[in-house]
$ cat work.txt   # compact mmCIF, C-alpha atoms
# COMPACT_ATOMS: atom_id res chain seq x y z
CA MET A 76 -45.27 98.97 31.41
CA PRO A 77 -44.75 100.35 34.93
CA ASP A 78 -43.85 104.02 35.37
CA SER A 79 -40.16 103.99 36.39
CA SER A 80 -40.47 107.47 37.92
CA LEU A 81 -43.17 106.30 40.31
CA ARG A 82 -42.16 105.79 43.94
CA ARG A 83 -44.64 103.88 46.07
CA HIS A 84 -44.98 104.77 49.75
CA ARG A 85 -46.76 102.65 52.33
CA TYR A 86 -48.34 103.77 55.57
CA GLN A 87 -49.40 101.28 58.19
CA VAL A 88 -51.50 102.07 61.22
CA THR A 89 -52.78 99.62 63.79
CA ASN A 90 -56.32 100.25 65.00
CA VAL A 91 -57.30 98.41 68.19
CA TRP A 92 -60.87 98.52 69.44
CA THR A 93 -60.80 99.08 73.22
CA GLY A 94 -64.54 99.39 73.72
CA ASN A 95 -65.66 95.91 74.77
CA LEU A 96 -67.64 96.67 77.94
CA GLY A 97 -68.08 92.99 78.76
CA SER A 98 -70.63 91.69 76.28
CA GLY A 99 -69.03 92.79 73.03
CA THR A 100 -71.43 94.00 70.37
CA SER A 101 -74.39 92.07 71.76
CA THR A 102 -76.51 95.20 71.20
CA TYR A 103 -75.94 98.61 69.64
CA ARG A 104 -75.72 100.23 73.09
CA ALA A 105 -73.66 97.47 74.72
CA TYR A 106 -70.25 98.62 73.54
CA SER A 107 -68.05 101.69 73.48
CA ARG A 108 -66.77 103.09 70.20
CA ASN A 109 -63.34 103.73 71.74
CA HIS A 110 -60.25 102.60 69.89
CA GLU A 111 -56.56 103.51 69.63
CA LEU A 112 -54.52 104.19 66.53
CA SER A 113 -50.83 103.43 66.75
CA GLY A 114 -47.87 102.82 64.54
CA ALA A 115 -44.41 101.35 64.76
CA GLY A 116 -42.05 103.78 66.43
CA LYS A 117 -44.77 106.22 67.48
CA SER A 118 -44.49 107.52 71.03
CA VAL A 119 -48.18 107.69 71.90
CA PRO A 120 -51.37 106.22 70.47
CA VAL A 121 -54.14 108.46 69.14
CA PRO A 122 -57.30 107.95 71.18
CA GLY A 123 -60.27 107.55 68.86
CA SER A 124 -64.01 107.09 69.12
CA SER A 125 -67.02 107.89 66.98
CA ASP A 126 -68.74 111.25 66.76
CA PRO A 127 -70.70 111.86 69.98
CA LEU A 128 -73.86 111.91 67.85
CA PHE A 129 -73.15 108.23 67.18
CA ARG A 130 -72.48 107.23 70.81
CA GLY A 131 -68.82 108.27 70.76
CA ASP A 132 -66.64 109.75 73.46
CA PRO A 133 -66.38 113.53 72.92
CA LYS A 134 -62.93 113.56 74.57
CA ARG A 135 -61.47 111.39 71.80
CA TYR A 136 -60.87 112.14 68.13
CA ASN A 137 -63.41 110.76 65.69
CA PRO A 138 -62.61 109.67 62.12
CA GLU A 139 -64.22 112.79 60.67
CA GLU A 140 -61.98 115.08 62.76
CA LEU A 141 -58.94 113.02 61.84
CA LEU A 142 -59.75 113.36 58.13
CA VAL A 143 -60.08 117.15 58.42
CA GLY A 144 -56.90 117.27 60.50
CA ALA A 145 -54.99 115.16 58.00
CA LEU A 146 -56.01 117.45 55.12
CA SER A 147 -55.00 120.51 57.15
CA ALA A 148 -51.64 119.02 58.12
CA CYS A 149 -50.83 117.91 54.57
CA HIS A 150 -51.59 121.37 53.23
CA MET A 151 -49.58 123.08 55.99
CA LEU A 152 -46.53 120.88 55.49
CA TRP A 153 -46.53 121.61 51.76
CA VAL A 154 -46.95 125.37 52.30
CA LEU A 155 -44.05 125.41 54.76
CA HIS A 156 -41.91 123.39 52.36
CA LEU A 157 -42.70 125.64 49.40
CA CYS A 158 -42.09 128.80 51.44
CA ALA A 159 -38.77 127.46 52.71
CA ASP A 160 -37.71 126.65 49.14
CA ALA A 161 -38.67 130.20 48.06
CA GLY A 162 -36.84 131.84 50.95
CA ILE A 163 -40.08 133.02 52.59
CA VAL A 164 -39.67 132.78 56.36
CA VAL A 165 -42.88 131.65 58.07
CA THR A 166 -42.80 132.29 61.82
CA GLY A 167 -46.34 131.19 62.68
CA TYR A 168 -49.09 129.06 61.14
CA THR A 169 -52.54 128.17 62.47
CA ASP A 170 -55.41 126.60 60.59
CA GLU A 171 -59.00 126.52 61.81
CA ALA A 172 -60.11 123.83 59.35
CA LEU A 173 -63.77 122.93 58.91
CA GLY A 174 -65.27 119.84 57.32
CA GLU A 175 -68.88 119.51 56.19
CA MET A 176 -70.52 116.11 56.01
CA ASP A 177 -74.07 115.30 54.89
CA GLU A 178 -75.84 112.39 56.54
CA HIS A 179 -78.64 110.64 54.67
CA ALA A 180 -81.83 109.12 56.08
CA ASP A 181 -80.35 105.61 55.78
CA GLY A 182 -77.37 106.59 57.98
CA SER A 183 -74.83 106.78 55.16
CA ALA A 184 -72.87 109.99 54.81
CA GLU A 185 -70.15 111.72 52.86
CA PHE A 186 -68.06 114.81 53.17
CA THR A 187 -69.17 117.57 50.83
CA ARG A 188 -66.23 119.88 51.42
CA VAL A 189 -63.40 120.89 53.71
CA ILE A 190 -62.38 124.51 54.14
CA LEU A 191 -58.86 125.27 55.31
CA ARG A 192 -58.38 128.68 56.91
CA PRO A 193 -54.64 128.99 57.45
CA ARG A 194 -53.29 132.13 59.12
CA MET A 195 -49.59 132.68 58.52
CA THR A 196 -47.14 135.10 60.08
CA LEU A 197 -44.10 136.06 58.02
CA ALA A 198 -40.76 137.50 59.02
CA ASP A 199 -40.99 139.77 55.95
CA PRO A 200 -44.57 140.98 55.35
CA THR A 201 -43.62 142.34 51.91
CA ARG A 202 -43.65 138.71 50.70
CA ALA A 203 -47.30 138.16 51.63
CA ALA A 204 -48.52 137.87 48.03
CA GLU A 205 -45.91 135.21 47.30
CA ALA A 206 -46.80 133.31 50.47
CA LEU A 207 -50.50 133.39 49.58
CA ALA A 208 -49.68 131.96 46.15
CA MET A 209 -48.00 128.98 47.82
CA HIS A 210 -51.40 127.78 49.02
CA GLN A 211 -52.61 127.08 45.48
CA ARG A 212 -49.42 125.17 44.67
CA ALA A 213 -49.68 123.24 47.95
CA HIS A 214 -53.26 122.29 47.06
CA GLN A 215 -52.06 120.91 43.72
CA VAL A 216 -49.38 118.68 45.25
CA CYS A 217 -50.92 117.56 48.57
CA ALA A 218 -51.52 113.82 48.24
CA LEU A 219 -54.54 113.90 50.51
CA ALA A 220 -56.31 116.79 48.75
CA ARG A 221 -55.64 115.02 45.44
CA SER A 222 -57.15 111.78 46.79
CA VAL A 223 -60.52 112.85 48.16
CA ASN A 224 -63.66 113.15 46.04
CA PHE A 225 -64.90 116.42 47.54
CA PRO A 226 -63.57 119.98 47.28
CA VAL A 227 -60.82 121.12 49.62
CA GLU A 228 -60.98 124.89 49.64
CA HIS A 229 -58.55 127.29 51.25
CA GLU A 230 -58.99 130.81 52.56
CA PRO A 231 -55.47 131.81 53.62
CA GLU A 232 -54.43 135.00 55.35
CA VAL A 233 -50.95 136.35 55.94
CA ALA A 234 -49.86 138.76 58.66
CA GLY A 235 -46.51 140.44 59.15
$ encode --input "work.txt" --output "structure tokens"
Amino acid sequence: MPDSSLRRHRYQVTNVWTGNLGSGTSTYRAYSRNHELSGAGKSVPVPGSSDPLFRGDPKRYNPEELLVGALSACHMLWVLHLCADAGIVVTGYTDEALGEMDEHADGSAEFTRVILRPRMTLADPTRAAEALAMHQRAHQVCALARSVNFPVEHEPEVAG
């Protein structure tokens, strides 16, 4: 029997490869890894490529960076939501997120962990302990952190 409290959400992104340099994928070096991610109603596409170590364009986002960025953004949005609900006024938030991926001899790879390092500024520094506690709750409810098979750690700091 289906769970009547379950609400299903769908997210659609269009990924268009823009890297045909004239001969398609005739050889490994014959094509660019460039692509663009877009979605209905979005104002600008996200320029993507592969990691420069894999012949990608270093000026474009690679999938690994987008994964780390998505985890950071999900966590941040939950922290801001939880703080707002608790009456904690956040006036600044920056996260220097780091992802670690291990590559195997056969070329396969997987992320082994992501570390979020959010730095928050509060209007009322006496609520720092409460704001720090919001990070654990955010971790528990972030759909992305709940969906990956590697640890997503957080090392938050709060300033007044």
$ residues_around --input "work.txt" --residues "stretch 205-209 of chain A" --least-positions-apart "2" --cutoff "7 Å" --atoms "all atoms listed in the file" --output "VMD selection string"
chain A and resid 154 157 to 158 202 to 203 211 to 213 231
$ residues_near_point --input "work.txt" --point "(-63.8, 112.3, 71.3)" --cutoff "12 Å" --atoms "only C-alpha atoms" --output "JSON list (two decimals) with C-alpha atoms, in the coordinates of the input"
[["chain", "number", "residue", "atom", "x", "y", "z"],
["A", 107, "SER", "CA", -68.05, 101.69, 73.48],
["A", 108, "ARG", "CA", -66.77, 103.09, 70.20],
["A", 109, "ASN", "CA", -63.34, 103.73, 71.74],
["A", 110, "HIS", "CA", -60.25, 102.60, 69.89],
["A", 111, "GLU", "CA", -56.56, 103.51, 69.63],
["A", 121, "VAL", "CA", -54.14, 108.46, 69.14],
["A", 122, "PRO", "CA", -57.30, 107.95, 71.18],
["A", 123, "GLY", "CA", -60.27, 107.55, 68.86],
["A", 124, "SER", "CA", -64.01, 107.09, 69.12],
["A", 125, "SER", "CA", -67.02, 107.89, 66.98],
["A", 126, "ASP", "CA", -68.74, 111.25, 66.76],
["A", 127, "PRO", "CA", -70.70, 111.86, 69.98],
["A", 128, "LEU", "CA", -73.86, 111.91, 67.85],
["A", 129, "PHE", "CA", -73.15, 108.23, 67.18],
["A", 130, "ARG", "CA", -72.48, 107.23, 70.81],
["A", 131, "GLY", "CA", -68.82, 108.27, 70.76],
["A", 132, "ASP", "CA", -66.64, 109.75, 73.46],
["A", 133, "PRO", "CA", -66.38, 113.53, 72.92],
["A", 134, "LYS", "CA", -62.93, 113.56, 74.57],
["A", 135, "ARG", "CA", -61.47, 111.39, 71.80],
["A", 136, "TYR", "CA", -60.87, 112.14, 68.13],
["A", 137, "ASN", "CA", -63.41, 110.76, 65.69],
["A", 138, "PRO", "CA", -62.61, 109.67, 62.12],
["A", 139, "GLU", "CA", -64.22, 112.79, 60.67],
["A", 140, "GLU", "CA", -61.98, 115.08, 62.76],
["A", 141, "LEU", "CA", -58.94, 113.02, 61.84]]
$ atom_distance --input "work.txt" --atom1 "atom CA of A:Val143" --atom2 "atom CA of A:Val223"
11.1 Å
$ atom_distance --input "work.txt" --atom1 "atom CA of A:Asn224" --atom2 "atom CA of A:Val189"
10.9 Å
$ closest_residue --input "work.txt" --among "A:Pro193, A:Gly174, A:Gly114, A:Gly182" --to "A:His150" --atoms "only C-alpha atoms"
A:Pro193
$ closest_residue --input "work.txt" --among "A:Asn90, A:Thr102, A:Thr166, A:Ser222" --to "A:Leu197" --atoms "all atoms listed in the file"
A:Thr166
$ residues_around --input "work.txt" --residues "stretch 214-221 of chain A" --least-positions-apart "6" --cutoff "9 Å" --atoms "all atoms listed in the file" --output "MDAnalysis selection string"
chainID A and resid 145:146 149:150 152:154 227:229
$ write_last_selection --input "work.txt" --atoms "C-alpha atoms" --output "CSV table (one decimal), in the coordinates of the input"
chain,number,residue,atom,x,y,z
A,145,ALA,CA,-55.0,115.2,58.0
A,146,LEU,CA,-56.0,117.4,55.1
A,149,CYS,CA,-50.8,117.9,54.6
A,150,HIS,CA,-51.6,121.4,53.2
A,152,LEU,CA,-46.5,120.9,55.5
A,153,TRP,CA,-46.5,121.6,51.8
A,154,VAL,CA,-47.0,125.4,52.3
A,227,VAL,CA,-60.8,121.1,49.6
A,228,GLU,CA,-61.0,124.9,49.6
A,229,HIS,CA,-58.6,127.3,51.2
$ closest_residue --input "work.txt" --among "A:Thr187, A:Thr100, A:Thr89, A:Asn95" --to "A:Leu112" --atoms "all atoms listed in the file"
A:Thr89
$ closest_residue --input "work.txt" --among "A:Tyr103, A:Gly94, A:Leu173, A:Val88" --to "A:Lys117" --atoms "all atoms listed in the file"
A:Val88
$ residues_around --input "work.txt" --residues "A:Met195" --least-positions-apart "4" --cutoff "8 Å" --atoms "all atoms listed in the file" --output "PyMOL selection string"
chain A and resi 165-169+231-234
$ atom_distance --input "work.txt" --atom1 "atom CA of A:His156" --atom2 "atom CA of A:Leu142"
21.3 Å
$ build_atoms --input "work.txt" --residues "stretch 137-162 of chain A" --atoms "N, CA and C atoms" --output "PDB file, keeping the file's coordinate frame"
ATOM      1  N   ASN A 137     -62.612 111.664  66.524  1.00  0.00           N
ATOM      2  CA  ASN A 137     -63.410 110.760  65.690  1.00  0.00           C
ATOM      3  C   ASN A 137     -62.831 110.755  64.278  1.00  0.00           C
ATOM      4  N   PRO A 138     -63.185 109.776  63.463  1.00  0.00           N
ATOM      5  CA  PRO A 138     -62.610 109.670  62.120  1.00  0.00           C
ATOM      6  C   PRO A 138     -62.809 110.926  61.272  1.00  0.00           C
ATOM      7  N   GLU A 139     -63.942 111.591  61.458  1.00  0.00           N
ATOM      8  CA  GLU A 139     -64.220 112.790  60.670  1.00  0.00           C
ATOM      9  C   GLU A 139     -63.225 113.908  61.031  1.00  0.00           C
ATOM     10  N   GLU A 140     -62.969 114.080  62.326  1.00  0.00           N
ATOM     11  CA  GLU A 140     -61.980 115.080  62.760  1.00  0.00           C
ATOM     12  C   GLU A 140     -60.584 114.723  62.265  1.00  0.00           C
ATOM     13  N   LEU A 141     -60.262 113.442  62.299  1.00  0.00           N
ATOM     14  CA  LEU A 141     -58.940 113.020  61.840  1.00  0.00           C
ATOM     15  C   LEU A 141     -58.761 113.271  60.344  1.00  0.00           C
ATOM     16  N   LEU A 142     -59.825 113.082  59.568  1.00  0.00           N
ATOM     17  CA  LEU A 142     -59.750 113.360  58.130  1.00  0.00           C
ATOM     18  C   LEU A 142     -59.504 114.847  57.892  1.00  0.00           C
ATOM     19  N   VAL A 143     -60.269 115.701  58.569  1.00  0.00           N
ATOM     20  CA  VAL A 143     -60.080 117.150  58.420  1.00  0.00           C
ATOM     21  C   VAL A 143     -58.676 117.543  58.881  1.00  0.00           C
ATOM     22  N   GLY A 144     -58.242 116.980  60.001  1.00  0.00           N
ATOM     23  CA  GLY A 144     -56.900 117.270  60.500  1.00  0.00           C
ATOM     24  C   GLY A 144     -55.805 116.817  59.557  1.00  0.00           C
ATOM     25  N   ALA A 145     -55.988 115.663  58.946  1.00  0.00           N
ATOM     26  CA  ALA A 145     -54.990 115.160  58.000  1.00  0.00           C
ATOM     27  C   ALA A 145     -54.894 116.063  56.774  1.00  0.00           C
ATOM     28  N   LEU A 146     -56.025 116.527  56.263  1.00  0.00           N
ATOM     29  CA  LEU A 146     -56.010 117.450  55.120  1.00  0.00           C
ATOM     30  C   LEU A 146     -55.327 118.758  55.499  1.00  0.00           C
ATOM     31  N   SER A 147     -55.623 119.275  56.686  1.00  0.00           N
ATOM     32  CA  SER A 147     -55.000 120.510  57.150  1.00  0.00           C
ATOM     33  C   SER A 147     -53.490 120.347  57.301  1.00  0.00           C
ATOM     34  N   ALA A 148     -53.074 119.245  57.907  1.00  0.00           N
ATOM     35  CA  ALA A 148     -51.640 119.020  58.120  1.00  0.00           C
ATOM     36  C   ALA A 148     -50.895 118.841  56.810  1.00  0.00           C
ATOM     37  N   CYS A 149     -51.471 118.105  55.874  1.00  0.00           N
ATOM     38  CA  CYS A 149     -50.830 117.910  54.570  1.00  0.00           C
ATOM     39  C   CYS A 149     -50.627 119.248  53.872  1.00  0.00           C
ATOM     40  N   HIS A 150     -51.671 120.059  53.872  1.00  0.00           N
ATOM     41  CA  HIS A 150     -51.590 121.370  53.230  1.00  0.00           C
ATOM     42  C   HIS A 150     -50.531 122.237  53.913  1.00  0.00           C
ATOM     43  N   MET A 151     -50.547 122.281  55.246  1.00  0.00           N
ATOM     44  CA  MET A 151     -49.580 123.080  55.990  1.00  0.00           C
ATOM     45  C   MET A 151     -48.145 122.650  55.688  1.00  0.00           C
ATOM     46  N   LEU A 152     -47.902 121.360  55.722  1.00  0.00           N
ATOM     47  CA  LEU A 152     -46.530 120.880  55.490  1.00  0.00           C
ATOM     48  C   LEU A 152     -46.039 121.249  54.100  1.00  0.00           C
ATOM     49  N   TRP A 153     -46.921 121.195  53.103  1.00  0.00           N
ATOM     50  CA  TRP A 153     -46.530 121.610  51.760  1.00  0.00           C
ATOM     51  C   TRP A 153     -46.281 123.122  51.693  1.00  0.00           C
ATOM     52  N   VAL A 154     -47.152 123.915  52.314  1.00  0.00           N
ATOM     53  CA  VAL A 154     -46.950 125.370  52.300  1.00  0.00           C
ATOM     54  C   VAL A 154     -45.619 125.717  52.950  1.00  0.00           C
ATOM     55  N   LEU A 155     -45.321 125.128  54.093  1.00  0.00           N
ATOM     56  CA  LEU A 155     -44.050 125.410  54.760  1.00  0.00           C
ATOM     57  C   LEU A 155     -42.862 125.006  53.895  1.00  0.00           C
ATOM     58  N   HIS A 156     -42.976 123.864  53.254  1.00  0.00           N
ATOM     59  CA  HIS A 156     -41.910 123.390  52.360  1.00  0.00           C
ATOM     60  C   HIS A 156     -41.701 124.363  51.196  1.00  0.00           C
ATOM     61  N   LEU A 157     -42.799 124.745  50.552  1.00  0.00           N
ATOM     62  CA  LEU A 157     -42.700 125.640  49.400  1.00  0.00           C
ATOM     63  C   LEU A 157     -42.163 127.019  49.817  1.00  0.00           C
ATOM     64  N   CYS A 158     -42.604 127.515  50.954  1.00  0.00           N
ATOM     65  CA  CYS A 158     -42.090 128.800  51.440  1.00  0.00           C
ATOM     66  C   CYS A 158     -40.605 128.707  51.753  1.00  0.00           C
ATOM     67  N   ALA A 159     -40.194 127.637  52.406  1.00  0.00           N
ATOM     68  CA  ALA A 159     -38.770 127.460  52.710  1.00  0.00           C
ATOM     69  C   ALA A 159     -37.947 127.445  51.429  1.00  0.00           C
ATOM     70  N   ASP A 160     -38.418 126.709  50.419  1.00  0.00           N
ATOM     71  CA  ASP A 160     -37.710 126.650  49.140  1.00  0.00           C
ATOM     72  C   ASP A 160     -37.612 128.024  48.478  1.00  0.00           C
ATOM     73  N   ALA A 161     -38.634 128.876  48.676  1.00  0.00           N
ATOM     74  CA  ALA A 161     -38.670 130.200  48.060  1.00  0.00           C
ATOM     75  C   ALA A 161     -37.997 131.273  48.920  1.00  0.00           C
ATOM     76  N   GLY A 162     -37.481 130.876  50.075  1.00  0.00           N
ATOM     77  CA  GLY A 162     -36.840 131.840  50.950  1.00  0.00           C
ATOM     78  C   GLY A 162     -37.824 132.724  51.715  1.00  0.00           C
TER      79      GLY A 162
END
